[in-house]
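Peer 1: Sharing query-v3.cif, mmCIF, C-alpha atoms:
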data_coords
loop_
_atom_site.label_atom_id
_atom_site.label_comp_id
_atom_site.auth_asym_id
_atom_site.auth_seq_id
_atom_site.Cartn_x
_atom_site.Cartn_y
_atom_site.Cartn_z
CA GLN C 5 4.50 3.25 6.15
CA ALA C 6 7.03 5.77 4.93
CA VAL C 7 5.98 9.38 5.58
CA ILE C 8 7.59 12.76 5.00
CA GLU C 9 11.09 12.53 6.51
CA GLY C 10 10.04 9.59 8.63
CA VAL C 11 8.39 6.25 9.18
CA MET C 12 5.23 4.98 10.86
CA MET C 13 5.35 1.56 12.50
CA ARG C 14 2.27 -0.37 13.60
CA VAL C 15 2.53 -3.14 16.21
CA PRO C 16 -0.09 -5.09 18.15
CA GLY C 17 -1.98 -2.55 20.26
CA ALA C 18 -0.28 0.61 19.07
CA TYR C 19 1.38 2.58 16.28
CA SER C 20 4.00 5.30 16.31
CA THR C 21 5.47 7.73 13.81
CA ALA C 22 9.02 9.06 13.97
CA VAL C 23 10.02 12.12 11.93
CA ARG C 24 13.23 14.13 11.76
CA ASP C 25 12.70 17.90 11.79
CA PRO C 26 14.81 20.41 9.78
CA LYS C 27 17.14 20.85 12.78
CA GLY C 28 17.90 17.13 12.91
CA LYS C 29 15.83 16.22 15.98
CA ILE C 30 13.70 13.06 15.86
CA HIS C 31 10.10 13.46 17.05
CA THR C 32 7.81 10.52 17.85
CA ASP C 33 4.03 10.36 18.05
CA ARG C 34 2.61 7.17 19.62
CA HIS C 35 -1.02 6.11 19.83
CA ASP C 36 -2.69 3.07 21.33
CA PHE C 37 -4.73 1.28 18.69
CA GLU C 38 -7.34 -1.45 18.77
CA SER C 39 -8.68 -2.64 15.45
CA ILE C 40 -12.42 -2.81 15.05
CA THR C 41 -11.91 -6.46 14.08
CA ASP C 42 -10.78 -7.13 17.68
CA ARG C 43 -13.90 -5.49 19.09
CA LYS C 44 -16.24 -7.17 16.62
CA PRO C 45 -15.11 -10.75 15.90
CA GLY C 46 -17.57 -11.02 13.01
CA LEU C 47 -15.33 -8.66 11.05
CA LYS C 48 -12.35 -11.01 11.46
CA LYS C 49 -13.67 -13.43 8.87
CA PRO C 50 -11.49 -13.94 5.77
CA ILE C 51 -11.87 -11.29 3.04
CA ILE C 52 -13.93 -9.02 5.34
CA ARG C 53 -10.91 -8.47 7.60
CA GLY C 54 -8.84 -7.42 4.59
CA ALA C 55 -11.32 -4.74 3.51
CA VAL C 56 -11.57 -3.44 7.09
CA SER C 57 -7.79 -3.45 7.53
CA LEU C 58 -7.33 -1.51 4.30
CA PHE C 59 -9.78 1.17 5.47
CA GLU C 60 -8.07 1.43 8.86
CA ALA C 61 -4.63 1.61 7.25
CA MET C 62 -5.74 4.41 4.91
CA LYS C 63 -7.27 6.38 7.77
CA MET C 64 -4.14 5.93 9.87
CA GLY C 65 -1.94 6.75 6.90
CA PHE C 66 -3.60 10.09 6.17
CA LYS C 67 -3.34 11.08 9.82
CA THR C 68 0.34 10.19 10.18
CA LEU C 69 1.22 11.76 6.84
CA GLN C 70 -0.30 15.07 7.96
CA TRP C 71 1.58 14.93 11.27
CA SER C 72 4.85 14.21 9.49
CA ALA C 73 4.31 17.25 7.24
CA ASP C 74 3.76 19.45 10.32
CA ILE C 75 7.08 18.30 11.80
CA ALA C 76 9.22 18.09 8.66
CA MET C 77 7.87 21.26 7.01
CA PRO C 78 6.66 23.50 9.87
CA GLU C 79 6.65 26.74 7.88
CA GLU C 80 4.56 25.29 5.05
CA SER C 81 2.18 23.65 7.52
CA GLU C 82 1.55 26.96 9.29
CA ASN C 83 0.45 28.53 6.01
CA ALA C 84 -1.61 25.54 4.91
CA ASN C 85 -5.23 26.11 3.90
CA PRO C 86 -7.56 23.30 5.07
CA ILE C 87 -9.93 23.93 2.15
CA VAL C 88 -7.08 23.63 -0.36
CA ASP C 89 -5.85 20.47 1.41
CA ALA C 90 -9.33 18.94 1.19
CA LEU C 91 -9.60 19.80 -2.49
CA MET C 92 -6.18 18.31 -3.18
CA THR C 93 -7.22 15.09 -1.42
CA LEU C 94 -10.39 14.89 -3.54
CA PHE C 95 -8.37 15.60 -6.67
CA SER C 96 -5.92 12.81 -5.77
CA ILE C 97 -8.76 10.32 -5.30
CA ALA C 98 -10.37 11.40 -8.58
CA LEU C 99 -7.03 11.09 -10.39
CA ALA C 100 -6.51 7.56 -9.02
CA ILE C 101 -10.01 6.52 -10.15
CA CYS C 102 -9.46 7.97 -13.62
CA LEU C 103 -5.97 6.52 -14.05
CA PHE C 104 -6.49 3.04 -12.62
CA PHE C 105 -10.19 2.41 -13.37
CA ALA C 106 -11.68 4.64 -16.03
CA ALA C 107 -8.63 4.74 -18.32
CA PRO C 108 -8.02 0.95 -18.54
CA ILE C 109 -11.73 0.27 -19.10
CA GLY C 110 -12.04 3.10 -21.60
CA PHE C 111 -8.97 2.16 -23.66
CA THR C 112 -9.95 -1.51 -23.71
CA THR C 113 -13.44 -0.60 -24.92
CA TRP C 114 -12.22 1.76 -27.63
CA LEU C 115 -9.21 -0.19 -28.91
CA PHE C 116 -10.35 -3.80 -28.61
CA ASP C 117 -13.54 -5.52 -29.71
CA LYS C 118 -13.87 -7.55 -26.50
CA GLU C 119 -16.65 -5.76 -24.58
CA GLN C 120 -18.87 -8.86 -24.45
CA ASP C 121 -16.07 -11.26 -23.51
CA PRO C 122 -15.73 -10.78 -19.72
CA PHE C 123 -12.50 -12.72 -19.29
CA MET C 124 -10.55 -11.31 -22.25
CA PHE C 125 -11.82 -7.79 -21.57
CA ASN C 126 -10.56 -7.89 -17.99
CA ILE C 127 -7.28 -9.52 -19.01
CA ILE C 128 -6.59 -6.60 -21.35
CA SER C 129 -7.86 -3.87 -19.00
CA GLY C 130 -5.95 -5.49 -16.13
CA ALA C 131 -2.74 -5.50 -18.17
CA LEU C 132 -3.29 -1.81 -19.00
CA ARG C 133 -3.90 -1.06 -15.31
CA ILE C 134 -0.62 -2.71 -14.37
CA PHE C 135 1.15 -0.82 -17.17
CA PHE C 136 -0.27 2.54 -15.99
CA PHE C 137 0.71 1.70 -12.40
CA LEU C 138 4.27 0.85 -13.46
CA VAL C 139 4.65 4.05 -15.51
CA TYR C 140 3.19 6.07 -12.63
CA LEU C 141 5.71 4.61 -10.14
CA ILE C 142 8.64 5.22 -12.50
CA LEU C 143 7.63 8.83 -13.15
CA ILE C 144 7.10 9.80 -9.50
CA SER C 145 10.37 8.06 -8.54
CA LEU C 146 12.17 10.76 -10.56
CA ILE C 147 10.96 13.46 -8.15
CA SER C 148 13.59 14.25 -5.49
CA ASP C 149 11.14 14.36 -2.57
CA VAL C 150 9.67 11.02 -3.62
CA LYS C 151 13.18 9.54 -3.82
CA ARG C 152 13.66 10.44 -0.15
CA LEU C 153 10.26 8.95 0.66
CA PHE C 154 11.32 5.73 -1.06
CA GLN C 155 14.56 5.73 0.96
CA TYR C 156 12.50 5.87 4.15
CA HIS C 157 10.41 3.04 2.70
CA GLY C 158 13.64 1.05 2.40
CA ALA C 159 14.61 1.99 5.96
CA GLU C 160 11.22 0.74 7.15
CA HIS C 161 11.74 -2.67 5.53
CA LYS C 162 15.31 -3.05 6.77
CA THR C 163 14.21 -2.28 10.32
CA VAL C 164 11.32 -4.75 10.18
CA TYR C 165 13.67 -7.44 8.84
CA ASN C 166 16.13 -6.65 11.64
CA PHE C 167 13.40 -7.04 14.26
CA GLU C 168 12.06 -10.26 12.73
CA SER C 169 15.57 -11.77 12.62
CA GLY C 170 15.93 -11.59 16.40
CA LYS C 171 19.22 -9.70 16.15
CA ASN C 172 19.84 -6.60 18.26
CA LEU C 173 17.92 -3.71 16.76
CA ASN C 174 20.50 -1.19 15.59
CA ILE C 175 21.59 0.68 12.48
CA GLU C 176 24.48 -1.64 11.64
CA ASN C 177 22.35 -4.79 11.78
CA ALA C 178 19.42 -3.23 9.93
CA GLN C 179 21.62 -2.13 7.04
CA GLU C 180 22.56 -5.76 6.39
CA PHE C 181 19.02 -6.60 5.23
CA PRO C 182 17.37 -5.98 1.83
CA THR C 183 14.89 -3.21 1.12
CA GLN C 184 12.30 -5.58 -0.42
CA HIS C 185 9.78 -7.17 1.94
CA PRO C 186 7.02 -9.68 1.02
CA ARG C 187 4.33 -7.92 3.11
CA CYS C 188 4.92 -4.53 1.52
CA GLY C 189 2.04 -2.36 0.32
CA THR C 190 3.57 -2.33 -3.17
CA SER C 191 3.23 -6.11 -3.34
CA PHE C 192 -0.30 -5.75 -1.99
CA MET C 193 -1.22 -3.34 -4.79
CA PHE C 194 0.13 -5.69 -7.44
CA ILE C 195 -1.75 -8.66 -5.98
CA ILE C 196 -4.95 -6.61 -5.92
CA MET C 197 -4.52 -5.89 -9.63
CA ILE C 198 -4.16 -9.61 -10.39
CA VAL C 199 -7.13 -10.52 -8.18
CA ALA C 200 -9.16 -7.75 -9.84
CA ILE C 201 -8.79 -9.43 -13.25
CA LEU C 202 -10.45 -12.63 -12.02
CA SER C 203 -12.97 -10.90 -9.74
CA PHE C 204 -14.18 -8.45 -12.37
CA SER C 205 -14.43 -11.25 -14.94
CA VAL C 206 -16.85 -13.07 -12.63
CA LEU C 207 -18.71 -9.84 -11.84
CA ASP C 208 -19.11 -8.97 -15.54
CA SER C 209 -20.34 -12.50 -16.32
CA ILE C 210 -23.01 -12.24 -13.61
CA LEU C 211 -24.01 -8.77 -14.80
CA MET C 212 -24.42 -9.99 -18.37
CA LEU C 213 -26.87 -12.67 -17.20
CA PHE C 214 -29.23 -9.87 -16.16
CA VAL C 215 -28.61 -7.12 -18.73
CA GLY C 216 -27.44 -9.01 -21.82
CA GLU C 217 -24.88 -6.73 -23.46
CA ILE C 218 -22.66 -4.86 -21.05
CA GLN C 219 -21.75 -1.19 -21.58
CA VAL C 220 -18.68 0.74 -20.47
CA TRP C 221 -20.63 2.83 -17.94
CA MET C 222 -21.96 -0.35 -16.35
CA ARG C 223 -18.44 -1.56 -15.70
CA LEU C 224 -17.46 1.76 -14.16
CA ILE C 225 -20.36 1.89 -11.70
CA MET C 226 -20.04 -1.80 -10.82
CA HIS C 227 -16.27 -2.25 -10.53
CA ILE C 228 -15.47 0.66 -8.22
CA PRO C 229 -17.94 -0.28 -5.41
CA PHE C 230 -16.60 -3.84 -5.45
CA MET C 231 -12.99 -2.76 -4.81
CA PRO C 232 -13.21 -3.38 -1.02
CA LEU C 233 -14.14 -7.00 -1.80
CA VAL C 234 -11.23 -7.30 -4.24
CA ALA C 235 -8.91 -5.76 -1.63
CA GLY C 236 -10.14 -8.29 0.92
CA VAL C 237 -9.27 -11.19 -1.38
CA GLY C 238 -5.90 -9.59 -2.15
CA TYR C 239 -5.21 -9.30 1.58
CA GLU C 240 -5.72 -13.03 2.05
CA VAL C 241 -3.45 -13.81 -0.91
CA LEU C 242 -0.74 -11.51 0.48
CA LYS C 243 -0.88 -13.25 3.87
CA LEU C 244 -0.55 -16.63 2.16
CA THR C 245 2.42 -15.55 0.04
CA ALA C 246 4.18 -14.17 3.13
CA LYS C 247 3.42 -17.29 5.20
CA HIS C 248 4.41 -19.78 2.49
CA ARG C 249 7.27 -17.84 0.93
CA ASN C 250 9.28 -21.07 0.48
CA ASN C 251 6.54 -22.62 -1.65
CA ILE C 252 7.44 -22.21 -5.32
CA LEU C 253 3.88 -21.28 -6.35
CA PHE C 254 3.52 -18.54 -3.75
CA ARG C 255 7.09 -17.40 -4.38
CA MET C 256 6.24 -16.91 -8.07
CA LEU C 257 3.10 -14.98 -7.10
CA ALA C 258 5.06 -12.73 -4.74
CA GLN C 259 8.02 -12.11 -7.06
CA PRO C 260 6.46 -9.38 -9.29
CA GLY C 261 5.62 -7.36 -6.18
CA LEU C 262 9.22 -7.69 -4.99
CA TRP C 263 10.44 -6.55 -8.40
CA LEU C 264 8.21 -3.48 -8.15
CA GLN C 265 9.85 -2.66 -4.84
CA ASN C 266 13.06 -1.99 -6.76
CA ILE C 267 11.20 1.20 -7.73
CA THR C 268 9.37 2.02 -4.49
CA THR C 269 12.26 1.32 -2.11
CA LYS C 270 15.73 2.84 -2.21
CA THR C 271 18.79 2.19 -0.06
CA PRO C 272 18.56 4.48 3.00
CA ASP C 273 21.39 6.22 4.80
CA ASP C 274 22.11 5.58 8.48
CA ASP C 275 20.15 8.64 9.63
CA GLN C 276 17.02 7.36 7.88
CA VAL C 277 17.41 3.90 9.41
CA GLU C 278 17.80 5.58 12.81
CA VAL C 279 14.39 7.23 12.32
CA ALA C 280 12.76 3.92 11.37
CA ILE C 281 14.24 2.22 14.46
CA SER C 282 12.98 5.09 16.62
CA ALA C 283 9.46 4.55 15.24
CA LEU C 284 9.52 0.82 16.04
CA GLU C 285 11.00 1.34 19.51
CA SER C 286 8.41 4.00 20.27
CA ALA C 287 5.55 1.81 19.02
CA PHE C 288 6.54 -1.12 21.23
CA GLY C 289 7.58 1.05 24.16
CA GLU C 290 8.63 -1.02 27.15
CA ASN C 291 7.47 -4.21 25.41
CA LEU C 292 10.20 -4.14 22.73
CA GLU C 293 12.71 -6.28 24.65
CA ASN C 294 10.08 -8.91 25.47
CA CYS C 295 8.95 -9.04 21.84
CA SER C 296 12.52 -9.40 20.61
CA ASN C 297 13.04 -12.33 22.96
#
Can you present the structure in this file as structure tokens?
Peer 2:
Amino acid sequence: QAVIEGVMMRVPGAYSTAVRDPKGKIHTDRHDFESITDRKPGLKKPIIRGAVSLFEAMKMGFKTLQWSADIAMPEESENANPIVDALMTLFSIALAICLFFAAPIGFTTWLFDKEQDPFMFNIISGALRIFFFLVYLILISLISDVKRLFQYHGAEHKTVYNFESGKNLNIENAQEFPTQHPRCGTSFMFIIMIVAILSFSVLDSILMLFVGEIQVWMRLIMHIPFMPLVAGVGYEVLKLTAKHRNNILFRMLAQPGLWLQNITTKTPDDDQVEVAISALESAFGENLENCSN
């Protein structure tokens, strides 16, 4: 995950974040980590493991993002108000729900006479959701701070590619690789949106068996709670596309997500790649050389 002026890398058994401070020094923060799916094998079942992994990744992401802000922007962090931070987090969640759930459902209901056609309704609302997501990414990519974040995102991918290639992990080798990676969170988000179209079509069809005509508020209160299930299915699809990337069907499924990464990843400079490498080296610790071999 790209964070403020840095990168977080997760490896088996641990994760570490590396951030460059305003003076140019790289700081690392490593933590041992054991997924709940390792402690409770029942949660490792397909689909369930995806929902659990998404929750763990979000929890880890918020924590590392806050730490990166403390290192990269120490003066602002000292004056931060925890109440304001909490309110901003709630506002962000509410904005995401409105933009990617309420708005597509609302516009589809008001502009198209397809409320009682589960498949067509979700095709249209899904297309609108993808359109809103694309516009959102393009708009935030124009912000200078986000551009730097996207450069660190590119540095993250280049470093992972370098490690997976078996070549010596260094800046020169990492810079040879592309910034798009098939297991990226951007690709995951796009796959979730595709899976949501089919999943919500089935959900709406089942709901209509019990209530007859479906209303817009019914979709809102039913779709949102089922997102962990949709995310779990999307997780399995993402793993398949990464595993079978040479298969033409899975390559076609993965391609739109890779195209989106032309927005969410930018070419990093050497200093940014250095930070990403530091994060991976710190995460593996003494095990890096054994893993590389």
Peer 1: Evaluate the PyMOL selection byres ((chain C and resi 182) around 10) here and jot the selected residues down as a list of chain:residue names.
Peer 2: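 After applying the PyMOL selection byres ((chain C and resi 182) around 10), what remains is C:Gly158, C:Ala159, C:His161, C:Lys162, C:Thr163, C:Tyr165, C:Asn166, C:Ala178, C:Gln179, C:Glu180, C:Phe181, C:Thr183, C:Gln184, C:His185, C:Thr269, C:Lys270, C:Thr271.
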Peer 1: What is the atom CA of C:Leu253 to atom CA of C:Leu202 distance in Å?
Peer 2: 17.7 Å
Peer 1: Would you mind telling me which residue in C:Ala6, C:Leu284, C:Ile144, C:Leu211 lies nearest to C:Cys188 when using only C-alpha atoms?
Peer 2: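 That would be C:Ala6, the residue with the smallest distance to C:Cys188.
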Peer 1: In Å, how far is it from atom CA of C:Phe214 to atom CA of C:Ile128?
Peer 2: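 Atom CA of C:Ile128 lies 23.5 Å from atom CA of C:Phe214.
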Peer 1: Between C:Ile218, C:Met231, C:Ala22, C:Ile201, which has the minimum distance to C:Gly10 (counting only C-alpha atoms)?
Peer 2: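 Smallest distance to C:Gly10 is found for C:Ala22.
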